[in-house]
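Below: final24.cif (mmCIF, C-alpha atoms and all ligand atoms)
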data_protein
#
loop_
_atom_site.label_atom_id
_atom_site.label_comp_id
_atom_site.auth_asym_id
_atom_site.auth_seq_id
_atom_site.Cartn_x
_atom_site.Cartn_y
_atom_site.Cartn_z
CA MET A 1 5.53 9.40 146.52
CA THR A 2 3.36 12.13 145.19
CA ALA A 3 0.45 14.23 146.31
CA PRO A 4 -1.97 15.28 143.62
CA LEU A 5 -3.21 18.74 144.37
CA ALA A 6 -5.99 20.22 142.39
CA PRO A 7 -5.23 21.51 139.84
CA VAL A 8 -1.55 20.52 139.87
CA GLN A 9 -0.51 16.88 139.78
CA ALA A 10 3.04 16.18 140.91
CA SER A 11 3.01 12.74 139.36
CA ALA A 12 2.35 13.99 135.85
CA PRO A 13 5.15 15.90 134.13
CA ARG A 14 3.80 19.40 133.56
CA ALA A 15 4.21 21.55 130.49
CA ARG A 16 5.22 24.53 132.63
CA ASP A 17 8.35 22.79 133.96
CA THR A 18 10.86 25.20 132.46
CA ARG A 19 14.43 24.26 131.67
CA THR A 20 15.67 26.43 134.54
CA GLU A 21 13.30 24.75 136.99
CA LEU A 22 14.42 21.36 135.82
CA PHE A 23 18.05 22.41 136.08
CA VAL A 24 17.53 23.58 139.67
CA ARG A 25 15.69 20.41 140.64
CA ARG A 26 18.33 18.17 139.13
CA GLY A 27 21.03 20.23 140.82
CA LEU A 28 19.31 19.73 144.18
CA LEU A 29 19.12 15.99 143.53
CA VAL A 30 22.85 15.95 142.76
CA VAL A 31 23.52 17.60 146.14
CA ALA A 32 21.29 14.97 147.80
CA GLY A 33 23.16 12.21 145.94
CA ALA A 34 26.57 13.55 146.99
CA SER A 35 25.32 13.85 150.58
CA ALA A 36 24.08 10.25 150.42
CA LEU A 37 27.50 9.04 149.30
CA THR A 38 29.16 11.00 152.11
CA ALA A 39 26.62 9.70 154.63
CA VAL A 40 27.20 6.08 153.58
CA LEU A 41 30.98 6.47 153.89
CA ALA A 42 30.49 8.10 157.29
CA GLY A 43 28.18 5.24 158.38
CA LEU A 44 30.68 2.62 157.23
CA THR A 45 33.38 4.35 159.26
CA ARG A 46 31.14 4.23 162.30
CA ILE A 47 30.64 0.50 161.89
CA GLY A 48 34.40 -0.02 161.80
CA VAL A 49 35.23 -0.12 158.07
CA PRO A 50 38.58 1.65 157.57
CA LEU A 51 38.02 4.38 154.97
CA ALA A 52 40.05 7.41 153.98
CA TRP A 53 37.27 10.00 153.91
CA GLY A 54 34.58 8.71 156.28
CA PRO A 55 36.21 9.62 159.63
CA SER A 56 36.08 13.38 159.06
CA VAL A 57 32.32 13.27 158.62
CA SER A 58 31.40 10.28 160.78
CA ALA A 59 29.91 12.48 163.50
CA ILE A 60 27.33 13.90 161.09
CA HIS A 61 26.34 10.59 159.47
CA GLY A 62 22.82 10.71 160.95
CA PRO A 63 21.99 14.38 160.22
CA LEU A 64 23.44 13.97 156.72
CA PHE A 65 21.15 11.08 155.90
CA VAL A 66 18.07 12.47 157.63
CA LEU A 67 18.31 16.13 156.65
CA ALA A 68 20.67 16.44 153.72
CA VAL A 69 19.47 13.43 151.75
CA PHE A 70 15.83 12.85 152.64
CA GLY A 71 15.08 16.39 153.82
CA THR A 72 16.15 17.67 150.40
CA VAL A 73 14.33 14.99 148.40
CA ILE A 74 11.06 15.18 150.35
CA SER A 75 10.93 18.98 150.34
CA LEU A 76 11.80 19.03 146.63
CA GLU A 77 8.95 16.66 145.92
CA ARG A 78 6.56 18.88 147.90
CA ALA A 79 7.86 21.92 146.01
CA VAL A 80 7.10 20.24 142.70
CA ALA A 81 3.61 19.40 143.96
CA VAL A 82 2.72 23.02 144.74
CA ALA A 83 4.49 24.40 141.68
CA ARG A 84 5.34 27.81 143.15
CA TRP A 85 8.82 29.30 142.84
CA TRP A 86 8.98 30.11 146.57
CA SER A 87 8.44 26.47 147.48
CA LEU A 88 11.99 25.80 146.26
CA VAL A 89 13.26 27.73 149.30
CA ALA A 90 12.75 24.59 151.41
CA PRO A 91 14.88 22.13 149.37
CA GLY A 92 17.29 24.96 148.51
CA ALA A 93 17.95 25.78 152.17
CA VAL A 94 18.27 22.12 153.13
CA ALA A 95 20.67 21.44 150.25
CA ALA A 96 22.73 24.49 151.26
CA ALA A 97 22.72 23.15 154.84
CA SER A 98 24.04 19.81 153.50
CA ILE A 99 27.01 21.51 151.86
CA ALA A 100 27.60 23.59 155.00
CA MET A 101 27.44 20.41 157.14
CA ILE A 102 30.02 18.63 155.00
CA ALA A 103 32.21 21.76 155.06
CA GLY A 104 31.98 21.67 158.87
CA LEU A 105 30.28 25.08 159.23
CA GLY A 106 28.71 25.54 162.64
CA TRP A 107 25.57 27.31 161.40
CA ALA A 108 24.52 24.41 159.14
CA PRO A 109 21.84 23.18 161.62
CA TRP A 110 20.26 26.66 161.57
CA LEU A 111 20.05 26.55 157.78
CA ALA A 112 18.48 23.09 158.05
CA THR A 113 15.96 24.60 160.48
CA VAL A 114 15.11 27.36 157.99
CA GLY A 115 14.59 24.65 155.34
CA ALA A 116 12.30 22.66 157.65
CA LEU A 117 10.27 25.78 158.53
CA ALA A 118 9.93 26.53 154.81
CA LEU A 119 8.65 22.97 154.36
CA VAL A 120 6.08 23.61 157.11
CA GLY A 121 4.99 26.67 155.10
CA VAL A 122 4.66 24.62 151.92
CA ASN A 123 2.66 21.93 153.70
CA ALA A 124 0.41 24.54 155.34
CA PHE A 125 -0.22 25.98 151.87
CA ILE A 126 -1.13 22.50 150.65
CA VAL A 127 -3.53 21.98 153.58
CA ARG A 128 -5.23 25.29 152.76
CA ARG A 129 -5.76 24.12 149.20
CA GLN A 130 -6.75 20.59 150.01
CA ARG A 131 -7.95 19.66 153.48
CA ALA A 132 -7.51 15.93 153.59
CA PRO A 133 -6.12 13.52 156.19
CA PHE A 134 -2.95 12.97 154.18
CA THR A 135 -2.18 16.68 153.78
CA TRP A 136 -2.64 17.18 157.54
CA LEU A 137 -0.32 14.25 158.26
CA MET A 138 2.37 15.78 156.08
CA LEU A 139 2.02 19.10 157.87
CA ILE A 140 2.32 17.39 161.26
CA GLY A 141 5.35 15.44 160.02
CA SER A 142 7.12 18.60 158.86
CA LEU A 143 6.40 20.28 162.21
CA ALA A 144 8.18 17.35 163.88
CA LEU A 145 11.13 17.85 161.50
CA ALA A 146 11.28 21.57 162.27
CA PHE A 147 11.18 20.82 165.99
CA GLY A 148 13.97 18.23 165.62
CA ASN A 149 16.15 20.54 163.55
CA LEU A 150 15.65 23.46 165.90
CA SER A 151 16.56 21.27 168.88
CA TRP A 152 19.66 20.06 167.04
CA ALA A 153 20.62 23.66 166.21
CA LEU A 154 20.25 24.44 169.92
CA ARG A 155 22.82 21.68 170.52
CA VAL A 156 20.47 19.01 171.84
CA PRO A 157 22.36 15.75 171.08
CA VAL A 158 21.26 13.71 168.07
CA PHE A 159 20.09 10.77 170.20
CA GLU A 160 17.57 13.06 171.88
CA VAL A 161 16.11 14.54 168.69
CA ILE A 162 16.00 11.24 166.88
CA HIS A 163 12.35 10.52 167.72
CA ALA A 164 11.21 13.77 166.13
CA TRP A 165 13.11 12.88 162.95
CA VAL A 166 11.63 9.38 162.95
CA ALA A 167 8.16 10.93 163.32
CA PHE A 168 8.85 13.15 160.28
CA PHE A 169 9.71 10.15 158.13
CA VAL A 170 6.94 7.86 159.28
CA LEU A 171 4.21 10.51 159.05
CA THR A 172 5.33 11.76 155.64
CA ILE A 173 5.51 8.27 154.19
CA VAL A 174 2.26 7.07 155.68
CA ALA A 175 0.58 10.24 154.37
CA GLU A 176 1.79 9.41 150.87
CA ARG A 177 0.46 5.89 151.22
CA LEU A 178 -2.85 7.14 152.61
CA GLU A 179 -3.17 9.37 149.59
CA MET A 180 -2.42 6.58 147.15
CA SER A 181 -4.77 4.24 148.98
CA ARG A 182 -7.67 6.59 148.16
CA LEU A 183 -7.99 4.44 145.07
CA THR A 184 -9.35 1.75 147.37
CA PRO A 185 -12.04 2.84 149.81
CA THR A 186 -10.76 3.11 153.38
CA PRO A 187 -13.37 3.19 156.16
CA ARG A 188 -13.69 6.64 157.72
CA TRP A 189 -12.88 5.28 161.18
CA ALA A 190 -9.61 3.87 159.84
CA GLY A 191 -8.55 7.25 158.40
CA ASN A 192 -9.47 9.00 161.67
CA ALA A 193 -7.68 6.38 163.75
CA LEU A 194 -4.53 6.83 161.67
CA ILE A 195 -4.60 10.59 162.16
CA ALA A 196 -5.10 10.19 165.91
CA VAL A 197 -2.15 7.79 166.21
CA ALA A 198 0.01 10.00 163.97
CA LEU A 199 -0.78 13.09 166.02
CA ALA A 200 0.03 11.31 169.27
CA PHE A 201 3.23 9.97 167.68
CA ALA A 202 4.35 13.45 166.63
CA VAL A 203 3.52 15.11 169.97
CA VAL A 204 5.17 12.42 172.08
CA SER A 205 8.21 12.28 169.75
CA CYS A 206 8.80 15.97 170.19
CA THR A 207 8.52 15.86 173.95
CA ALA A 208 10.45 12.61 174.45
CA THR A 209 14.11 12.21 175.21
CA TRP A 210 15.80 8.85 175.52
CA ILE A 211 15.55 9.18 179.30
CA VAL A 212 11.75 9.13 179.28
CA ASP A 213 11.17 5.43 179.00
CA VAL A 214 7.37 5.60 178.86
CA ALA A 215 7.42 8.00 175.91
CA HIS A 216 9.89 5.78 174.13
CA ARG A 217 7.65 2.75 174.52
CA PHE A 218 4.61 4.73 173.44
CA ILE A 219 6.44 5.73 170.25
CA GLY A 220 7.11 2.02 169.63
CA LEU A 221 3.39 1.31 170.06
CA CYS A 222 2.52 4.05 167.53
CA MET A 223 4.92 2.49 165.02
CA VAL A 224 3.32 -0.94 165.52
CA LEU A 225 -0.17 0.53 165.02
CA ILE A 226 0.84 2.45 161.88
CA ALA A 227 2.51 -0.65 160.42
CA ALA A 228 -0.62 -2.70 161.19
CA TRP A 229 -2.72 0.01 159.51
CA GLN A 230 -0.58 -0.23 156.39
CA ALA A 231 -0.77 -4.02 156.37
CA ARG A 232 -4.58 -3.80 156.56
CA PHE A 233 -5.46 -0.79 154.40
CA ASP A 234 -2.57 0.05 152.07
CA LEU A 235 -3.21 -0.20 148.35
CA ALA A 236 -0.07 -2.37 148.14
CA ARG A 237 -2.09 -5.36 149.45
CA LEU A 238 -3.91 -5.39 146.12
CA THR A 239 -1.17 -4.26 143.74
CA VAL A 240 1.21 -6.92 145.03
CA ARG A 241 -0.87 -9.39 142.99
CA THR A 242 -0.12 -7.51 139.76
CA GLN A 243 3.07 -7.53 137.69
CA GLY A 244 6.11 -5.38 136.95
CA LEU A 245 6.55 -1.97 138.53
CA ALA A 246 3.29 -2.04 140.52
CA ARG A 247 4.25 -5.36 142.09
CA PHE A 248 7.80 -4.20 142.79
CA ALA A 249 6.52 -1.05 144.50
CA ALA A 250 3.98 -3.06 146.52
CA LEU A 251 6.65 -5.50 147.69
CA GLY A 252 8.82 -2.56 148.79
CA VAL A 253 5.91 -1.01 150.69
CA LEU A 254 4.83 -4.22 152.44
CA ALA A 255 8.39 -5.19 153.38
CA ALA A 256 8.86 -1.65 154.73
CA ALA A 257 5.69 -1.99 156.85
CA PHE A 258 7.09 -5.27 158.19
CA TRP A 259 10.24 -3.49 159.44
CA LEU A 260 8.20 -0.67 160.93
CA PHE A 261 6.26 -3.30 162.87
CA VAL A 262 9.40 -5.14 164.02
CA THR A 263 11.21 -1.94 165.00
CA GLY A 264 8.10 -0.64 166.74
CA ALA A 265 7.88 -3.88 168.75
CA VAL A 266 11.59 -3.70 169.69
CA THR A 267 11.19 -0.04 170.65
CA MET A 268 8.15 -0.90 172.75
CA LEU A 269 9.83 -3.75 174.60
CA LEU A 270 13.42 -2.58 174.97
CA PRO A 271 15.06 0.71 176.00
CA MET A 272 17.07 2.87 173.61
CA PRO A 273 20.52 3.73 174.96
CA PRO A 274 22.27 6.73 173.34
CA ALA A 275 24.65 4.48 171.35
CA GLY A 276 25.47 0.83 170.69
CA PRO A 277 23.68 -2.21 169.18
CA LEU A 278 20.16 -1.52 170.52
CA TYR A 279 20.39 2.10 169.37
CA ASP A 280 21.57 0.83 166.00
CA ALA A 281 18.67 -1.65 165.66
CA GLU A 282 15.98 0.82 166.69
CA LEU A 283 17.28 3.47 164.31
CA HIS A 284 18.17 1.47 161.26
CA GLY A 285 15.15 -0.86 161.43
CA VAL A 286 13.19 2.32 160.62
CA PHE A 287 15.73 4.29 158.58
CA VAL A 288 16.95 1.46 156.37
CA GLY A 289 14.19 -1.19 156.64
CA TYR A 290 11.29 1.26 156.37
CA VAL A 291 12.56 4.49 154.79
CA LEU A 292 15.03 3.10 152.25
CA SER A 293 12.64 0.35 151.21
CA MET A 294 9.97 3.00 150.56
CA VAL A 295 12.51 5.04 148.60
CA PHE A 296 13.39 2.04 146.43
CA ALA A 297 9.69 1.34 145.91
CA HIS A 298 8.83 4.90 144.91
CA ALA A 299 11.95 5.96 143.01
CA PRO A 300 10.51 4.90 139.62
CA ILE A 301 7.55 7.22 140.35
CA ILE A 302 9.40 10.14 141.96
CA LEU A 303 12.27 10.52 139.48
CA PRO A 304 10.10 11.11 136.40
CA SER A 305 7.86 13.60 138.21
CA VAL A 306 10.61 15.56 139.96
CA ALA A 307 13.51 15.41 137.49
CA LYS A 308 11.89 14.05 134.33
CA ILE A 309 14.25 11.10 134.47
CA ALA A 310 12.53 7.88 133.49
CA LEU A 311 13.25 4.84 135.62
CA PRO A 312 11.65 1.86 133.90
CA TYR A 313 11.09 -1.32 135.84
CA HIS A 314 13.65 -4.11 135.51
CA PRO A 315 13.90 -7.26 137.67
CA ALA A 316 17.40 -6.10 138.72
CA LEU A 317 15.61 -3.52 140.93
CA LEU A 318 13.95 -6.40 142.75
CA VAL A 319 17.34 -8.00 143.38
CA ALA A 320 18.53 -4.75 145.02
CA LEU A 321 15.33 -4.62 147.12
CA CYS A 322 15.83 -8.22 148.31
CA GLY A 323 19.48 -7.42 149.11
CA LEU A 324 18.35 -4.46 151.20
CA HIS A 325 15.94 -6.51 153.31
CA LEU A 326 18.33 -9.39 153.73
CA SER A 327 21.01 -6.99 154.96
CA VAL A 328 18.59 -5.28 157.38
CA ALA A 329 17.70 -8.71 158.78
CA LEU A 330 21.42 -9.47 159.30
CA ARG A 331 22.03 -6.09 160.91
CA VAL A 332 19.09 -6.19 163.29
CA ALA A 333 19.85 -9.84 164.21
CA GLY A 334 23.47 -8.85 164.85
CA ASP A 335 22.29 -5.96 167.04
CA LEU A 336 19.85 -8.00 169.09
CA LEU A 337 21.95 -11.13 169.66
CA PRO A 338 24.39 -9.17 169.96
CA ASN A 339 26.93 -10.32 167.37
CA ALA A 340 29.30 -7.60 166.15
CA ALA A 341 30.38 -9.45 162.99
CA LEU A 342 26.77 -10.02 161.90
CA ARG A 343 25.93 -6.41 162.67
CA GLN A 344 28.87 -5.18 160.63
CA ALA A 345 28.06 -7.53 157.73
CA GLY A 346 24.47 -6.26 157.73
CA ALA A 347 25.51 -2.61 157.76
CA ILE A 348 27.96 -3.15 154.90
CA GLY A 349 25.16 -5.02 153.12
CA ASN A 350 22.89 -1.96 153.56
CA ALA A 351 25.49 0.18 151.79
CA LEU A 352 25.97 -2.42 149.05
CA ALA A 353 22.20 -2.64 148.51
CA LEU A 354 22.16 1.11 147.90
CA VAL A 355 24.95 0.75 145.35
CA ALA A 356 23.12 -2.22 143.79
CA PHE A 357 19.98 -0.10 143.44
CA VAL A 358 21.87 2.65 141.59
CA VAL A 359 23.51 0.07 139.30
CA ALA A 360 20.15 -1.65 138.69
CA ALA A 361 18.55 1.71 137.85
CA LEU A 362 21.28 2.52 135.33
CA TRP A 363 20.98 -0.97 133.89
CA ALA A 364 17.18 -0.64 133.62
CA ARG A 365 17.57 2.65 131.74
CA ALA A 366 20.19 1.21 129.41
CA ARG A 367 18.01 -1.80 128.65
CA ALA A 368 14.96 0.38 128.04
CA ARG A 369 16.89 2.40 125.46
C1 LIG A 401 23.43 2.61 154.49
C2 LIG A 401 24.17 2.21 155.44
C3 LIG A 401 24.26 2.75 156.86
C4 LIG A 401 25.29 2.46 157.70
C5 LIG A 401 26.48 1.60 157.39
C6 LIG A 401 25.00 3.14 158.95
C7 LIG A 401 25.77 3.05 160.10
C8 LIG A 401 25.52 3.66 161.30
C9 LIG A 401 26.22 3.44 162.54
C10 LIG A 401 27.32 2.42 162.74
C11 LIG A 401 25.70 4.24 163.48
C12 LIG A 401 26.10 4.34 164.96
C13 LIG A 401 25.19 3.46 165.78
C14 LIG A 401 25.71 3.31 167.20
O1 LIG A 401 25.73 4.29 167.96
O2 LIG A 401 26.11 2.20 167.53
C15 LIG A 401 24.65 5.01 162.85
C16 LIG A 401 23.90 5.97 163.49
C17 LIG A 401 22.89 6.67 162.87
N1 LIG A 401 22.41 6.46 161.59
FE1 LIG A 401 23.11 5.15 160.22
N2 LIG A 401 23.84 3.85 158.84
C18 LIG A 401 23.34 3.63 157.58
C19 LIG A 401 22.17 4.14 157.07
C20 LIG A 401 21.42 5.13 157.67
C21 LIG A 401 20.28 5.78 157.10
C22 LIG A 401 19.66 5.44 155.72
C23 LIG A 401 19.86 6.72 157.98
C24 LIG A 401 18.74 7.70 157.90
C25 LIG A 401 17.82 7.80 157.00
C26 LIG A 401 20.75 6.66 159.12
C27 LIG A 401 20.65 7.48 160.23
C28 LIG A 401 21.41 7.35 161.37
C29 LIG A 401 21.26 8.19 162.54
C30 LIG A 401 20.26 9.33 162.70
C31 LIG A 401 22.19 7.76 163.47
C32 LIG A 401 22.45 8.33 164.87
C33 LIG A 401 23.63 9.23 164.77
C34 LIG A 401 24.09 9.80 166.09
O3 LIG A 401 23.62 9.44 167.18
O4 LIG A 401 25.00 10.65 166.01
N3 LIG A 401 21.67 5.69 158.89
N4 LIG A 401 24.56 4.63 161.53
#
For the structure just supplied, provide its representation as structure tokens.
Ligand code: HEM
Amino acid sequence: MTAPLAPVQASAPRARDTRTELFVRRGLLVVAGASALTAVLAGLTRIGVPLAWGPSVSAIHGPLFVLAVFGTVISLERAVAVARWWSLVAPGAVAAASIAMIAGLGWAPWLATVGALALVGVNAFIVRRQRAPFTWLMLIGSLALAFGNLSWALRVPVFEVIHAWVAFFVLTIVAERLEMSRLTPTPRWAGNALIAVALAFAVVSCTATWIVDVAHRFIGLCMVLIAAWQARFDLARLTVRTQGLARFAALGVLAAAFWLFVTGAVTMLLPMPPAGPLYDAELHGVFVGYVLSMVFAHAPIILPSVAKIALPYHPALLVALCGLHLSVALRVAGDLLPNAALRQAGAIGNALALVAFVVAALWARARAR
């Protein structure tokens, strides 16, 4: 997931990446990785798996995944794209917030808010340099994140800020896809329509709480429309007919769009209580089905550009991707039926798919050597 900015291209390793820069970036990725492990253990505890460490951090499972893991990775990727030392403030503050969260420090949400505001600054800088629909979408997405983090810091419960966080993810990802899809001509009306839906999504997400049923349903409609847009205009429709990495990435993107559509439809038709199976389905359909699938699909592109770590394609990555989607299907089915055993099996499967992806990546690197 990269945004080429004239004259800097995030996707191409740059000669000016100094050793120190690389060290800092890799260090930030290590913090994100450790936060991911903690978040998975916390999530497993919440689904009823008895673990030694999970319980102490189970309450912050959501913020850990959303802010500590993806907040750090996305803001780091933006920082690499603008190639300015100050842009590292955003991932640096979010990574520091992750450590503070795990250590149980009360001011961690404020640090996460500083990180999100720094990301807004980075995205505003990018918009100034390149006014394009995708740069605007990223800016709007980061504003939603900042709003969500600030609300969380002001002690608004997680289930009420969740829509703003979802908006951050969906808008950032769709912006990346819009940018990549420039390789295939997209009608102007389609680009404008996407921006209009995204804007409405962000505004309503930031004003909605779970009590406001109409807003909740509208957010579901926006997700359905964005997923339909991706199914119709995303470059993945073409690259899925190719081979190797391009096909793997396209499968990840299209499967992700499928889950965005399904979750959007569920969100549109059903309410979202502040906990329980429906809450689980509406959150993890997006967070695991959409976000993690996109992460799997783009990891072989992001890692080399951000950390100069090659991740060559190997069919084992596809096995992990299939495992992810199968487990999301089990989890969402378990949530909707409702069937607690199926739901638990699906959630454990989500965690195992993550582990499988890491193993497949290591395997792919070993084979490439
Ligand atoms: C990988 C395996 C995962 C497992 C086992 C897991 C498990 C859970 C469980 C059991 C809940 C509580 C749902 C309820 O109230 O019934 C939950 C909530 C949540 N999860 Fe996950 N989850 C996983 C992945 C993710 C990911 C990837 C994200 C974000 C990118 C995420 C974000 C959240 C959020 C924001 C909440 C709401 C937390 C709250 O209300 O305090 N989860 N998760």
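What separates atom N4 of ligand LIG 401 (chain A) from CA of His163 in chain A is a distance of 14.9 Å.
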At a cut-off of 7 Å and counting only C-alpha atoms and all ligand atoms, what residues surround ligand LIG 401 (chain A)? Please answer as number ranges by chain. A: 40, 43-44, 46-47, 59-63, 65-66, 70, 158-159, 162, 274-277, 279-280, 283-284, 287-288, 291-292, 347-348, 350-351, 354
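For the atom pair formed by CA of Val122 in chain A and CA of Trp86 in chain A, the distance is 8.8 Å, given to one decimal.
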In Å, how far is it from CA of Gln130 in chain A to CA of Thr172 in chain A?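 According to the coordinates, CA of Gln130 in chain A and CA of Thr172 in chain A are separated by 16.0 Å.
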Discussion item. Which residues are near Leu67 in chain A? Cut-off 10 Å, only C-alpha atoms, ignore same chain within fewer than 6 positions. Put them as a PyMOL selection string.
Written reply: chain A and resi 32+35+73-74+94-95+97-98+109+112-113+115-116+145+149+165
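Surrounding range 188-191 of chain A within 8 Å are Pro133, Thr186, Ala193, Leu194, Ile195 and Trp229 of chain A, with only C-alpha atoms counted and residues fewer than 2 positions along the same chain left out.
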- Compile the contact shell of Ala93 in chain A as a list in words: residues with an atom at most 10 Å away, counting all atoms listed in the file, same-chain residues fewer than 3 positions apart removed.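 Those residues are Ala68, Gly71, Thr72, Ser75, Leu88, Val89, Ala90, Ala96, Ala97, Ser98, Ala108, Trp110, Leu111, Ala112, Thr113, Val114, Gly115, Ala116, Leu117, Ala118 and Leu119 of chain A.
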Using all atoms listed in the file, the best pick from A:Ala208, A:Ala83, A:Ala246, A:Val295 as closest to Val69 in chain A would be A:Val295
May I have the residues at most 10 Å from (16.5, 0.9, 174.9) in the file's coordinates, counting all atoms listed in the file, as a PyMOL selection string? chain A and resi 210-211+213+216-217+266-279+281-282
Q.
Report as a ChimeraX atom specification all protein, DNA and RNA residues lying within 7 Å of Pro312 in chain A, evaluated on all atoms listed in the file, omitting residues in the same chain fewer than 3 positions from it.
A. /A:300,364-365,368
Residues as selected, C-alpha atoms, written as a PDB file, in the frame of the given file, can you do that?
ATOM      1  CA  PRO A 300      10.510   4.900 139.620  1.00  0.00           C
ATOM      2  CA  ALA A 364      17.180  -0.640 133.620  1.00  0.00           C
ATOM      3  CA  ARG A 365      17.570   2.650 131.740  1.00  0.00           C
ATOM      4  CA  ALA A 368      14.960   0.380 128.040  1.00  0.00           C
TER       5      ALA A 368
END
(message) Nearest residue to Ile309 in chain A out of A:Ala361, A:Val262, A:Arg232, A:Ser293, using only C-alpha atoms?
(response)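 Smallest distance to Ile309 in chain A is found for A:Ala361.
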Item to complete: Find, counting only C-alpha atoms, the residue in A:Ser58, A:Leu28, A:Ala227, A:Gly346 that gets nearest to Ala42 in chain A.
Response: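 For Ala42 in chain A, the nearest of the given residues is A:Ser58.
Here the question is which of A:Ala341, A:Ala307, A:Ala356, A:Val82 gets nearest to Leu29 in chain A using all atoms listed in the file, and that residue is A:Ala307.
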Counting all atoms listed in the file, the residue among A:Val30, A:Val166, A:Arg177, A:Tyr290 that lies closest to Ile219 in chain A is A:Val166
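Nearest-residue note for Met223 in chain A: choosing from A:Thr242, A:Thr207, A:Thr263, A:Thr18, the minimum distance belongs to A:Thr263, counting only C-alpha atoms.
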Which residues, protein or nucleic acid, reach to within 8 Å of (21.2, -4.8, 149.2) in the file's coordinates when using only C-alpha atoms, and can you give that as a PyMOL selection string? chain A and resi 319-327+349-357
Starting from the incomplete input, reconstruct N, CA and C atoms of range 30-43 of chain A and report them as an mmCIF file, keeping the file's coordinate frame.
data_model
loop_
_atom_site.group_PDB
_atom_site.id
_atom_site.type_symbol
_atom_site.label_atom_id
_atom_site.label_comp_id
_atom_site.auth_asym_id
_atom_site.auth_seq_id
_atom_site.Cartn_x
_atom_site.Cartn_y
_atom_site.Cartn_z
ATOM 1 N N VAL A 30 21.414 16.282 142.772
ATOM 2 C CA VAL A 30 22.850 15.950 142.760
ATOM 3 C C VAL A 30 23.443 16.201 144.156
ATOM 4 N N VAL A 31 23.040 17.318 144.775
ATOM 5 C CA VAL A 31 23.520 17.600 146.140
ATOM 6 C C VAL A 31 23.074 16.472 147.087
ATOM 7 N N ALA A 32 21.797 16.050 146.933
ATOM 8 C CA ALA A 32 21.290 14.970 147.800
ATOM 9 C C ALA A 32 22.081 13.684 147.550
ATOM 10 N N GLY A 33 22.406 13.416 146.281
ATOM 11 C CA GLY A 33 23.160 12.210 145.940
ATOM 12 C C GLY A 33 24.561 12.244 146.548
ATOM 13 N N ALA A 34 25.215 13.424 146.429
ATOM 14 C CA ALA A 34 26.570 13.550 146.990
ATOM 15 C C ALA A 34 26.521 13.418 148.513
ATOM 16 N N SER A 35 25.458 13.967 149.117
ATOM 17 C CA SER A 35 25.320 13.850 150.580
ATOM 18 C C SER A 35 25.107 12.390 150.962
ATOM 19 N N ALA A 36 24.340 11.659 150.123
ATOM 20 C CA ALA A 36 24.080 10.250 150.420
ATOM 21 C C ALA A 36 25.379 9.456 150.406
ATOM 22 N N LEU A 37 26.209 9.743 149.404
ATOM 23 C CA LEU A 37 27.500 9.040 149.300
ATOM 24 C C LEU A 37 28.349 9.333 150.547
ATOM 25 N N THR A 38 28.389 10.618 150.925
ATOM 26 C CA THR A 38 29.160 11.000 152.110
ATOM 27 C C THR A 38 28.601 10.317 153.358
ATOM 28 N N ALA A 39 27.251 10.296 153.448
ATOM 29 C CA ALA A 39 26.620 9.700 154.630
ATOM 30 C C ALA A 39 26.905 8.202 154.718
ATOM 31 N N VAL A 40 26.917 7.525 153.564
ATOM 32 C CA VAL A 40 27.200 6.080 153.580
ATOM 33 C C VAL A 40 28.636 5.846 154.044
ATOM 34 N N LEU A 41 29.581 6.632 153.492
ATOM 35 C CA LEU A 41 30.980 6.470 153.890
ATOM 36 C C LEU A 41 31.139 6.739 155.396
ATOM 37 N N ALA A 42 30.433 7.770 155.868
ATOM 38 C CA ALA A 42 30.490 8.100 157.290
ATOM 39 C C ALA A 42 29.928 6.950 158.132
ATOM 40 N N GLY A 43 28.809 6.359 157.655
ATOM 41 C CA GLY A 43 28.180 5.240 158.380
ATOM 42 C C GLY A 43 29.098 4.034 158.417
#
